[in-house]
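**Student:** Input file: target35.txt. Contents: compact mmCIF, C-alpha atoms.
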```
# COMPACT_ATOMS: atom_id res chain seq x y z
CA MET A 21 0.00 0.00 0.00
CA ASN A 22 1.48 3.34 -1.07
CA GLY A 23 2.66 5.41 1.90
CA LEU A 24 3.34 2.55 4.29
CA ASP A 25 5.31 3.59 7.33
CA GLY A 26 8.96 2.74 6.75
CA GLN A 27 9.61 1.41 10.27
CA THR A 28 6.90 -1.18 10.68
CA GLY A 29 5.15 -1.55 7.33
CA THR A 30 1.82 -2.10 9.15
CA GLY A 31 -0.12 0.97 8.06
CA VAL A 32 -0.13 4.60 6.96
CA ILE A 33 0.51 7.58 9.18
CA ILE A 34 -2.34 9.96 10.00
CA ARG A 35 -1.38 12.53 7.37
CA LYS A 36 -1.52 9.87 4.65
CA ALA A 37 -4.78 8.49 6.04
CA ALA A 38 -6.23 12.00 5.76
CA GLU A 39 -5.09 12.25 2.14
CA LEU A 40 -6.61 8.87 1.28
CA THR A 41 -9.98 9.52 2.93
CA GLY A 42 -10.46 13.29 2.91
CA VAL A 43 -10.93 13.29 6.68
CA LYS A 44 -8.75 15.77 8.56
CA PRO A 45 -6.29 14.51 11.19
CA VAL A 46 -8.09 16.49 13.90
CA THR A 47 -11.31 14.66 12.97
CA LEU A 48 -9.63 11.25 12.96
CA ARG A 49 -8.30 11.97 16.44
CA ALA A 50 -11.77 13.00 17.62
CA TRP A 51 -13.29 9.81 16.22
CA GLU A 52 -10.69 7.82 18.13
CA ARG A 53 -10.70 9.65 21.47
CA ARG A 54 -14.34 10.61 21.89
CA TYR A 55 -16.25 7.99 19.91
CA HIS A 56 -13.79 5.05 19.87
CA LEU A 57 -14.59 4.34 16.23
CA ILE A 58 -11.02 3.52 15.21
CA THR A 59 -8.00 2.52 17.28
CA PRO A 60 -4.89 2.65 15.11
CA GLU A 61 -1.66 0.92 16.03
CA ARG A 62 1.37 3.00 17.02
CA ASN A 63 4.90 2.80 15.66
CA ALA A 64 8.08 3.04 17.74
CA LYS A 65 7.83 6.84 17.73
CA GLY A 66 4.22 6.79 18.92
CA HIS A 67 2.76 7.82 15.57
CA ARG A 68 -0.64 6.43 14.63
CA LEU A 69 -0.67 3.79 11.88
CA TYR A 70 -3.91 3.09 10.00
CA SER A 71 -4.29 -0.33 8.37
CA PRO A 72 -6.00 -0.84 4.99
CA ALA A 73 -9.07 -2.17 6.83
CA GLN A 74 -9.20 0.96 8.99
CA ILE A 75 -8.92 3.17 5.93
CA GLU A 76 -11.99 1.39 4.55
CA THR A 77 -13.74 1.84 7.92
CA ILE A 78 -13.10 5.59 7.74
CA ARG A 79 -14.67 5.65 4.27
CA GLU A 80 -17.65 3.67 5.58
CA ILE A 81 -18.08 6.19 8.40
CA CYS A 82 -18.14 8.98 5.84
CA ARG A 83 -20.81 7.17 3.86
CA TRP A 84 -23.04 6.97 6.95
CA LEU A 85 -22.43 10.63 7.75
CA GLU A 86 -23.36 11.58 4.19
CA ARG A 87 -26.69 9.81 4.74
CA GLY A 88 -27.44 12.04 7.72
CA VAL A 89 -26.37 9.75 10.58
CA SER A 90 -24.77 11.72 13.40
CA ILE A 91 -21.26 10.74 14.42
CA GLY A 92 -22.46 9.58 17.84
CA LYS A 93 -24.69 6.94 16.24
CA VAL A 94 -22.27 5.54 13.67
CA LYS A 95 -20.61 3.04 15.99
CA GLY A 96 -23.79 0.98 16.29
CA LEU A 97 -23.97 0.69 12.53
CA LEU A 98 -20.33 -0.31 12.21
CA SER A 99 -20.66 -3.01 14.84
CA GLY A 100 -23.73 -4.43 13.13
CA SER A 101 -25.87 -4.06 16.22
CA GLY A 102 -28.82 -2.93 14.13
CA LYS A 103 -29.93 -0.48 16.82
CA VAL A 104 -29.68 2.54 14.54
CA THR A 105 -31.98 3.20 11.62
CA ALA A 106 -30.25 5.24 8.96
CA PRO A 107 -32.31 7.98 7.31
CA ALA A 108 -33.54 7.16 3.84
CA GLN A 109 -32.77 10.63 2.47
CA SER A 110 -29.27 11.83 1.68
CA ASN A 111 -30.14 15.47 2.44
CA ASP A 112 -31.03 15.05 6.11
CA THR A 113 -29.39 17.68 8.29
CA LEU A 114 -27.23 16.93 11.29
CA ALA A 115 -28.93 17.20 14.67
CA ALA A 116 -26.30 19.75 15.61
CA ALA A 117 -27.94 22.19 13.18
CA ASP A 118 -30.94 22.52 15.51
CA ASP A 119 -28.65 23.13 18.48
CA LEU A 120 -26.78 25.79 16.54
CA LEU A 121 -30.00 27.52 15.46
CA GLN A 122 -31.19 27.66 19.07
CA ALA A 123 -27.89 29.10 20.28
CA LEU A 124 -28.02 31.74 17.52
CA ALA A 125 -31.63 32.62 18.39
CA ASP A 126 -30.56 33.11 22.01
CA LEU A 127 -27.51 35.13 20.90
CA ASN A 128 -25.52 32.75 23.08
CA SER A 129 -22.19 33.32 21.36
CA ARG A 130 -20.18 31.02 23.64
CA ARG A 131 -22.50 28.06 23.07
CA ALA A 132 -22.79 28.76 19.35
CA GLU A 133 -19.00 28.95 19.05
CA ASN A 134 -18.60 25.64 20.90
CA ILE A 135 -21.09 23.98 18.55
CA VAL A 136 -19.37 25.39 15.44
CA ASN A 137 -15.98 24.23 16.69
CA ARG A 138 -17.31 20.77 17.56
CA ILE A 139 -18.91 20.32 14.14
CA CYS A 140 -15.72 21.39 12.37
CA ARG A 141 -13.70 19.02 14.53
CA GLU A 142 -15.94 15.95 14.29
CA TYR A 143 -17.13 16.06 10.67
CA PRO A 144 -15.30 16.29 7.33
CA PRO A 145 -15.68 19.82 5.90
CA ASN A 146 -17.92 18.85 2.97
CA ILE A 147 -20.38 17.07 5.28
CA ALA A 148 -20.33 19.84 7.89
CA ILE A 149 -21.01 22.43 5.19
CA ARG A 150 -23.71 20.54 3.29
CA GLN A 151 -25.60 19.03 6.22
CA CYS A 152 -25.24 21.69 8.91
CA PHE A 153 -24.01 25.12 7.96
CA LEU A 154 -25.90 25.55 4.67
CA PRO A 155 -29.21 24.33 6.19
CA VAL A 156 -28.69 26.73 9.12
CA ILE A 157 -28.09 29.63 6.73
CA ASP A 158 -31.23 28.68 4.77
CA ALA A 159 -33.26 28.49 7.99
CA LEU A 160 -32.08 31.92 9.11
CA GLY A 161 -33.26 33.32 5.81
CA GLN A 162 -36.80 32.19 6.65
CA TRP A 163 -36.89 33.89 10.05
CA LYS A 164 -38.37 37.33 10.59
CA ARG A 165 -36.02 39.92 9.12
CA GLN A 166 -34.89 41.48 12.42
CA GLN A 167 -34.29 38.20 14.24
CA GLY A 168 -32.71 36.47 11.24
CA SER A 169 -30.39 39.39 10.51
CA VAL A 170 -28.97 39.49 14.04
CA ALA A 171 -28.53 35.71 14.24
CA ALA A 172 -26.94 35.59 10.77
CA ALA A 173 -24.44 38.28 11.79
CA LEU A 174 -23.37 36.18 14.78
CA LEU A 175 -23.05 33.06 12.61
CA GLN A 176 -21.00 34.97 10.06
CA PHE A 177 -18.56 36.14 12.72
CA LEU A 178 -18.16 32.68 14.25
CA LEU A 179 -17.91 30.77 10.98
CA ILE A 180 -15.46 33.07 9.23
CA SER A 181 -13.22 33.03 12.30
CA ARG A 182 -13.23 29.24 12.33
CA LEU A 183 -12.98 28.72 8.58
CA SER A 184 -10.10 31.18 8.19
CA ALA A 185 -8.26 29.34 10.97
CA MET A 186 -8.84 26.03 9.13
CA ILE A 187 -7.44 27.46 5.90
CA ARG A 188 -4.40 28.91 7.67
CA SER A 189 -3.78 25.52 9.25
CA GLU A 190 -4.01 23.74 5.88
CA ASN A 191 -1.72 26.35 4.30
CA LYS A 192 1.08 25.40 6.68
CA SER A 193 1.55 22.04 4.99
CA ALA A 194 0.35 22.99 1.49
CA SER A 195 2.88 23.66 -1.27
CA ILE A 196 0.84 24.39 -4.41
CA PRO A 197 0.02 28.12 -4.71
CA CYS A 198 -3.62 28.86 -5.46
CA LEU A 199 -5.12 32.33 -5.92
CA ALA A 200 -8.79 32.47 -4.90
CA ILE A 201 -11.00 35.39 -5.94
CA SER A 202 -14.43 36.10 -4.49
CA LEU A 203 -16.70 38.40 -6.49
CA ASP A 204 -19.23 38.47 -3.65
CA PRO A 205 -19.25 41.32 -1.11
CA PRO A 206 -16.45 40.99 1.47
CA GLY A 207 -17.16 38.41 4.16
CA SER A 208 -19.50 36.28 2.05
CA LEU A 209 -20.18 33.10 4.01
CA ALA A 210 -20.92 31.23 0.81
CA ALA A 211 -17.46 32.12 -0.50
CA TRP A 212 -15.70 31.01 2.68
CA LEU A 213 -17.61 27.73 2.81
CA TRP A 214 -16.69 27.01 -0.82
CA LEU A 215 -13.07 27.91 -0.17
CA VAL A 216 -12.68 25.68 2.87
CA SER A 217 -14.09 22.76 0.88
CA MET A 218 -11.08 23.15 -1.41
CA ALA A 219 -8.55 23.27 1.42
CA GLY A 220 -6.64 20.11 2.24
CA GLN A 221 -5.86 19.28 -1.40
CA GLY A 222 -2.29 20.50 -1.17
CA LEU A 223 -3.32 24.01 -2.23
CA HIS A 224 -1.79 26.99 -0.43
CA ILE A 225 -4.69 29.43 -0.74
CA THR A 226 -4.43 33.20 -1.03
CA LEU A 227 -7.84 34.87 -0.94
CA LEU A 228 -8.79 38.16 -2.60
CA ASP A 229 -12.12 38.88 -0.91
CA GLY A 230 -14.81 41.14 -2.36
CA VAL A 231 -13.10 41.88 -5.71
CA GLU A 232 -15.15 43.97 -8.15
CA HIS A 233 -12.72 44.60 -11.00
CA ILE A 234 -10.67 41.54 -11.94
CA SER A 235 -9.41 42.76 -15.32
CA GLY A 236 -6.22 44.01 -13.67
CA LEU A 237 -5.25 40.40 -12.91
CA ILE A 238 -5.21 39.26 -16.53
CA ASP A 239 -1.83 40.80 -17.35
CA HIS A 240 -0.49 40.94 -13.80
CA ALA A 241 3.03 39.52 -13.59
CA ARG A 242 2.30 37.95 -10.21
CA LEU A 243 -0.49 35.77 -11.60
CA GLN A 244 1.98 33.40 -13.24
CA THR A 245 3.41 32.48 -9.82
CA TYR A 246 0.14 30.69 -8.98
CA GLU A 247 -0.44 27.17 -10.26
CA HIS A 248 -4.19 27.22 -9.58
CA LEU A 249 -6.89 29.87 -9.88
CA ALA A 250 -10.27 29.68 -8.14
CA VAL A 251 -13.08 32.16 -8.84
CA PHE A 252 -16.26 32.33 -6.76
CA ALA A 253 -19.56 34.13 -7.24
CA ASN A 254 -22.85 33.32 -5.55
CA ARG A 255 -24.71 35.92 -7.58
CA VAL A 256 -24.68 36.75 -11.29
CA PRO A 257 -21.44 38.54 -12.26
CA THR A 258 -21.64 41.49 -14.63
CA LYS A 259 -21.06 40.88 -18.34
CA LYS A 260 -17.63 42.46 -18.01
CA GLN A 261 -16.76 40.19 -15.08
CA GLN A 262 -17.90 37.14 -17.04
CA GLN A 263 -15.68 38.12 -19.97
CA ASP A 264 -12.71 38.62 -17.64
CA ILE A 265 -13.33 35.27 -15.92
CA ILE A 266 -13.24 33.51 -19.28
CA LYS A 267 -9.96 35.25 -20.17
CA LEU A 268 -8.45 34.29 -16.81
CA SER A 269 -9.57 30.66 -17.18
CA ARG A 270 -7.65 30.38 -20.44
CA LEU A 271 -4.40 31.24 -18.69
CA PHE A 272 -4.55 27.96 -16.71
CA ASP A 273 -4.77 24.27 -17.53
CA ALA A 274 -8.29 22.88 -17.30
CA ASP A 275 -7.64 21.01 -14.07
CA HIS A 276 -5.96 24.06 -12.49
CA PHE A 277 -8.92 26.40 -12.88
CA HIS A 278 -11.82 26.19 -10.40
CA ALA A 279 -15.15 28.01 -10.57
CA SER A 280 -18.27 28.09 -8.44
CA THR A 281 -21.56 26.68 -9.74
CA VAL A 282 -22.96 30.09 -10.70
CA ILE A 283 -19.92 30.86 -12.85
CA LYS A 284 -19.93 27.42 -14.48
CA THR A 285 -23.63 27.79 -15.29
CA LEU A 286 -23.23 31.22 -16.84
CA CYS A 287 -19.95 30.80 -18.70
CA GLY A 288 -20.29 27.11 -19.51
CA ALA A 289 -18.12 25.73 -22.29
CA GLU A 290 -16.25 29.02 -22.69
CA LEU A 291 -14.34 28.32 -19.51
CA LYS A 292 -11.01 26.52 -19.79
CA GLY A 293 -11.74 24.55 -16.62
```
With the file now loaded, output its structure as C-alpha cells.
**Tutor:**
Amino acid sequence: MNGLDGQTGTGVIIRKAAELTGVKPVTLRAWERRYHLITPERNAKGHRLYSPAQIETIREICRWLERGVSIGKVKGLLSGSGKVTAPAQSNDTLAAADDLLQALADLNSRRAENIVNRICREYPPNIAIRQCFLPVIDALGQWKRQQGSVAAALLQFLLISRLSAMIRSENKSASIPCLAISLDPPGSLAAWLWLVSMAGQGLHITLLDGVEHISGLIDHARLQTYEHLAVFANRVPTKKQQQDIIKLSRLFDADHFHASTVIKTLCGAELKG
C-alpha cells in the first residue's frame, strides 16, 4: 500500500490516512478519542498507523455521515448491532444544526462557538457544510427579518473566524500556490464555505475577498506564480466580469482552474476549466 510507514510496514501515518480519505487529522483523532470508532496501532515513535481495513472503515463512516447519521450513532452501525436506523434521504441535516439555530436565536455566542468548533472538529468539511451550515443559513433566511439578521451576523462572525483558521492551518503544509478570488461582497459566508471545501488538497490558498474589477489580474506579472486559480460568485457577475473570468480561465490548464456553480452555469463551455 502506497505510503506505508517505513519502520513497521503495518499501516499509513495519519497525514496519509487524511489524504486517502479526505478526513482531517483532527477529525480522525476525535473519532478515536471521543467515539472510539477507530484505534490505530502506534509505531516506535508513537505515531498512529492506519491499516487498509481501517482506511476502509473511515470511508464507511463517511458514507453513513453523508446519509445524515450523526457521528455519535455511527458506531452501532459499524458493529452491526442494528440499533440505529439510517435515514432514507441523503439530504437530512445533522442534529447539531438545531442546536446551533437555538444558540443563535438566544444570541448565546459562547454556546454557538462551541457547537461550530465541535462540528468542524468531528465532521469532514464537505459534510459539515452541506448538512449543517448551509441548512442553518437557509433556515435563518426564513426567520423574521430582524431576528434572522442578528442571528446571521453572529453566525458569520463565528464561521469566518473558524474557517479562516482552518485554511491557515491547511496552508502550513500545502505547497501548491492557489489564488482564490471572491466576487461576492467581502465576508460572504458562501465564498468562505466554498473555499474551505477546497482546502486540504495540497493548495496553499491566497484569498482576494470582495473583488469587483478583476481585469487588472489578466496581465499581472504575479499571476503566473500561482499554479491554480479559483473564482467564486454566488450571484450573477456582470457581463464584463464574465468576460474577464473567461480570459483568466484560459491562462490555466483545465484542471488548475476552479469556478463556483454560478460561474460554471453562466460561462459554460467558454471556460477553460
**Student:** Which residue gives the smallest distance to Asp204 of chain A among A:Ser189, A:Asn254, A:Thr77, A:Thr47, with only C-alpha atoms counted?
**Tutor:** A:Asn254
**Student:** List every protein, DNA or RNA residue that has an atom no more than 12 Å from (-26.9, 36.4, -10.8) in the file's coordinate frame, counting only C-alpha atoms, and report them as a CSV table (one decimal) with C-alpha atoms, in the coordinates of the input.
**Tutor:**
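Saved as point-v5.csv:
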```
chain,number,residue,atom,x,y,z
A,203,LEU,CA,-16.7,38.4,-6.5
A,204,ASP,CA,-19.2,38.5,-3.6
A,253,ALA,CA,-19.6,34.1,-7.2
A,254,ASN,CA,-22.8,33.3,-5.6
A,255,ARG,CA,-24.7,35.9,-7.6
A,256,VAL,CA,-24.7,36.8,-11.3
A,257,PRO,CA,-21.4,38.5,-12.3
A,258,THR,CA,-21.6,41.5,-14.6
A,259,LYS,CA,-21.1,40.9,-18.3
A,261,GLN,CA,-16.8,40.2,-15.1
A,262,GLN,CA,-17.9,37.1,-17.0
A,281,THR,CA,-21.6,26.7,-9.7
A,282,VAL,CA,-23.0,30.1,-10.7
A,283,ILE,CA,-19.9,30.9,-12.8
A,284,LYS,CA,-19.9,27.4,-14.5
A,285,THR,CA,-23.6,27.8,-15.3
A,286,LEU,CA,-23.2,31.2,-16.8
A,287,CYS,CA,-20.0,30.8,-18.7
```
**Student:** Near Glu39 of chain A, counting all atoms listed in the file, which residues have an atom at most 9 Å away, once you skip same-chain residues fewer than 4 positions from it, shown as a PyMOL selection string?
**Tutor:** chain A and resi 34-35+43-44+220-221
**Student:** What is the atom CA of Asp273 of chain A-atom CA of Ala211 of chain A distance in Å, reported with one decimal?
**Tutor:**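 Atom-to-atom, atom CA of Asp273 of chain A and atom CA of Ala211 of chain A are spaced 22.6 Å apart.
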**Student:** Put a box with edges along x, y and z around all the listed atoms of segment 32-49 of chain A, pad it by 6 Å on each side, then give me its centre and sizes in Å, one decimal, as JSON.
**Tutor:**
```
{"center_x": -5.4, "center_y": 10.5, "center_z": 8.9, "size_x": 23.8, "size_y": 23.9, "size_z": 27.2}
```
**Student:** If I take atom CA of Ala250 of chain A and atom CA of Leu178 of chain A, how far is one from the other in Å, to one decimal?
**Tutor:**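 Between atom CA of Ala250 of chain A and atom CA of Leu178 of chain A the gap is 23.9 Å.
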**Student:** Would you mind listing what lies within 10 Å of Ala123 of chain A as a ChimeraX atom specification, with all atoms listed in the file counted and same-chain residues fewer than 3 positions away left out?
**Tutor:** /A:117-120,126-135,171,175
**Student:** Residues as selected, C-alpha atoms, written as a short mmCIF file (atom, residue, chain, number, x, y, z; two decimals), in the frame of the given file, can you do that?
**Tutor:**
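Result went into again03.cif, see below:
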```
data_model
loop_
_atom_site.label_atom_id
_atom_site.label_comp_id
_atom_site.auth_asym_id
_atom_site.auth_seq_id
_atom_site.Cartn_x
_atom_site.Cartn_y
_atom_site.Cartn_z
CA ALA A 117 -27.94 22.19 13.18
CA ASP A 118 -30.94 22.52 15.51
CA ASP A 119 -28.65 23.13 18.48
CA LEU A 120 -26.78 25.79 16.54
CA ASP A 126 -30.56 33.11 22.01
CA LEU A 127 -27.51 35.13 20.90
CA ASN A 128 -25.52 32.75 23.08
CA SER A 129 -22.19 33.32 21.36
CA ARG A 130 -20.18 31.02 23.64
CA ARG A 131 -22.50 28.06 23.07
CA ALA A 132 -22.79 28.76 19.35
CA GLU A 133 -19.00 28.95 19.05
CA ASN A 134 -18.60 25.64 20.90
CA ILE A 135 -21.09 23.98 18.55
CA ALA A 171 -28.53 35.71 14.24
CA LEU A 175 -23.05 33.06 12.61
#
```
**Student:** Quick one: residues within 12 Å of Ser184 of chain A, all atoms listed in the file, excluding same-chain residues fewer than 2 positions away - as a list in words?
**Tutor:**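 Skipping anything fewer than 2 positions along the chain leaves Gln176, Phe177, Leu178, Leu179, Ile180, Ser181, Arg182, Met186, Ile187, Arg188, Ser189, Glu190, Asn191, Gly207, Leu209, Ala211, Trp212, Leu213, Trp214, Leu215, Val216, Ser217, Ala219, Ile225, Thr226 and Leu227 of chain A.
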**Student:** With only C-alpha atoms as the basis for distance, which of A:Gly42, A:Lys192, A:Leu199, A:Arg54 is at the shortest distance from Leu243 of chain A?
**Tutor:**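 Going through A:Gly42, A:Lys192, A:Leu199, A:Arg54 one by one, the smallest distance to Leu243 of chain A is for A:Leu199.
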